[in-house]
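These notes are about the structure you will find just below.
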Amino acid sequence: MATNRTFTMLKPDSLEKGYTGAILEKINAAGFRIVAMKMTHMTKRDAEAFYAVHSERPFFGELVEYMTRGPIVAAILEKDNAVEDFRVLIGATNPEEAADGTIRKLYAASIGENAVHGSDSDENAAIEGAFHFSGREMF
Ligand code: UDP
Ligand code: MG
């Protein structure tokens, strides 16, 4: 079933570099409503579970290391066509390939440290949102 929600994380590099406010402003300006939001610090176990689909990939160890090295901002966002529109707003995984004006083009350092997460399907948006938030934290 199609939904109008997606899930995002502002990754540790975004918080370290002080980009939190600027990225949230881009998200607001693009018309997303914040359904849930919090600052949290993922444990190794959290990151391994969240990214389990990538566990066989060569970059998995580095990805877990990166995602656990500092706090993140996790959020559920709402808008028509949220999953697809948010992927457009963040740009390609590799910032060198990301379109001008996208969040990754503006704020990501590399394919590994790429500033933000965006769900890739409605199904994963629901799973990822529920990973970080209980029903009573969604508004
Ligand atoms: N990643 C990486 N090296 C790669 C591909 C991905 O370090 O070659 C990291 C990067 O942080 C990326 C995350 O793993 O955002 C998840 O990869 P995915 O292919 O799902 O990219 P995304 O959906 O985040 O654009
Ligand atoms: Mg992905």
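Chain lettering (A, B, ...) mirrors the order of the structure tokens, residue numbering begins at 1 for each chain separately, and ligand numbering begins at 1 in order of display.
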
For this session: Please return as a VMD selection string: the residues of segment 21-116 of chain A that backbone DSSP assigns to alpha helix (DSSP H).
Result: chain A and resid 21 to 29 44 to 50 60 to 67 82 to 90 103 to 107

Contacts of ligand 2, 10 Å or closer, only C-alpha atoms and all ligand atoms, given as a PDB file with C-alpha atoms, in the first residue's frame:
```pdb
ATOM      1  CA  TYR A  51      21.524  -1.619   7.802  1.00  0.00           C
ATOM      2  CA  VAL A  53      20.353  -5.476   4.200  1.00  0.00           C
ATOM      3  CA  HIS A  54      23.927  -4.251   3.518  1.00  0.00           C
ATOM      4  CA  ARG A  87      15.059  10.874  -2.611  1.00  0.00           C
ATOM      5  CA  THR A  93      24.153   8.370  -2.816  1.00  0.00           C
ATOM      6  CA  HIS A 117      19.420   8.892   4.888  1.00  0.00           C
ATOM      7  CA  GLY A 118      16.196   8.575   2.926  1.00  0.00           C
ATOM      8  CA  SER A 119      13.987   5.463   2.750  1.00  0.00           C
ATOM      9  CA  ASP A 120      13.891   3.714  -0.621  1.00  0.00           C
ATOM     10  CA  SER A 121      10.300   2.398  -0.501  1.00  0.00           C
ATOM     11  CA  ASN A 124      11.045   0.376   4.258  1.00  0.00           C
TER      12      ASN A 124
END
```

For this session: With only C-alpha atoms and all ligand atoms counted, collect every polymer residue having an atom within 12 Å of ligand 1; state the result as a ChimeraX atom specification.
Result: /A:7-13,47-48,50-68,83-84,86-95,97-98,103-104,108-121,124-125

For this session: Just the residues within 10 Å of Thr3 of chain A, please, counting only C-alpha atoms, with nothing from its chain fewer than 6 positions along; format it as a PyMOL selection string.
Result: chain A and resi 78-83+121-123+125-126

Next, the residues of the selection above should be written as a short mmCIF file (atom, residue, chain, number, x, y, z; two decimals), in the first residue's frame with C-alpha atoms.
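The result, written out as out_39.cif:
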```
data_model
loop_
_atom_site.label_atom_id
_atom_site.label_comp_id
_atom_site.auth_asym_id
_atom_site.auth_seq_id
_atom_site.Cartn_x
_atom_site.Cartn_y
_atom_site.Cartn_z
CA GLU A 78 4.94 13.44 5.52
CA LYS A 79 4.10 14.76 2.07
CA ASP A 80 2.38 13.48 -1.07
CA ASN A 81 4.77 11.05 -2.78
CA ALA A 82 7.09 11.37 0.22
CA VAL A 83 9.55 8.53 -0.48
CA SER A 121 10.30 2.40 -0.50
CA ASP A 122 7.03 2.85 1.38
CA GLU A 123 7.57 -0.54 3.01
CA ALA A 125 9.85 3.83 5.37
CA ALA A 126 7.36 2.15 7.70
#
```

For this session: Run DSSP on the backbone and give me the residues of segment 8-139 of chain A it puts in strand (DSSP E or B), as a count of residues only.
Result: 21
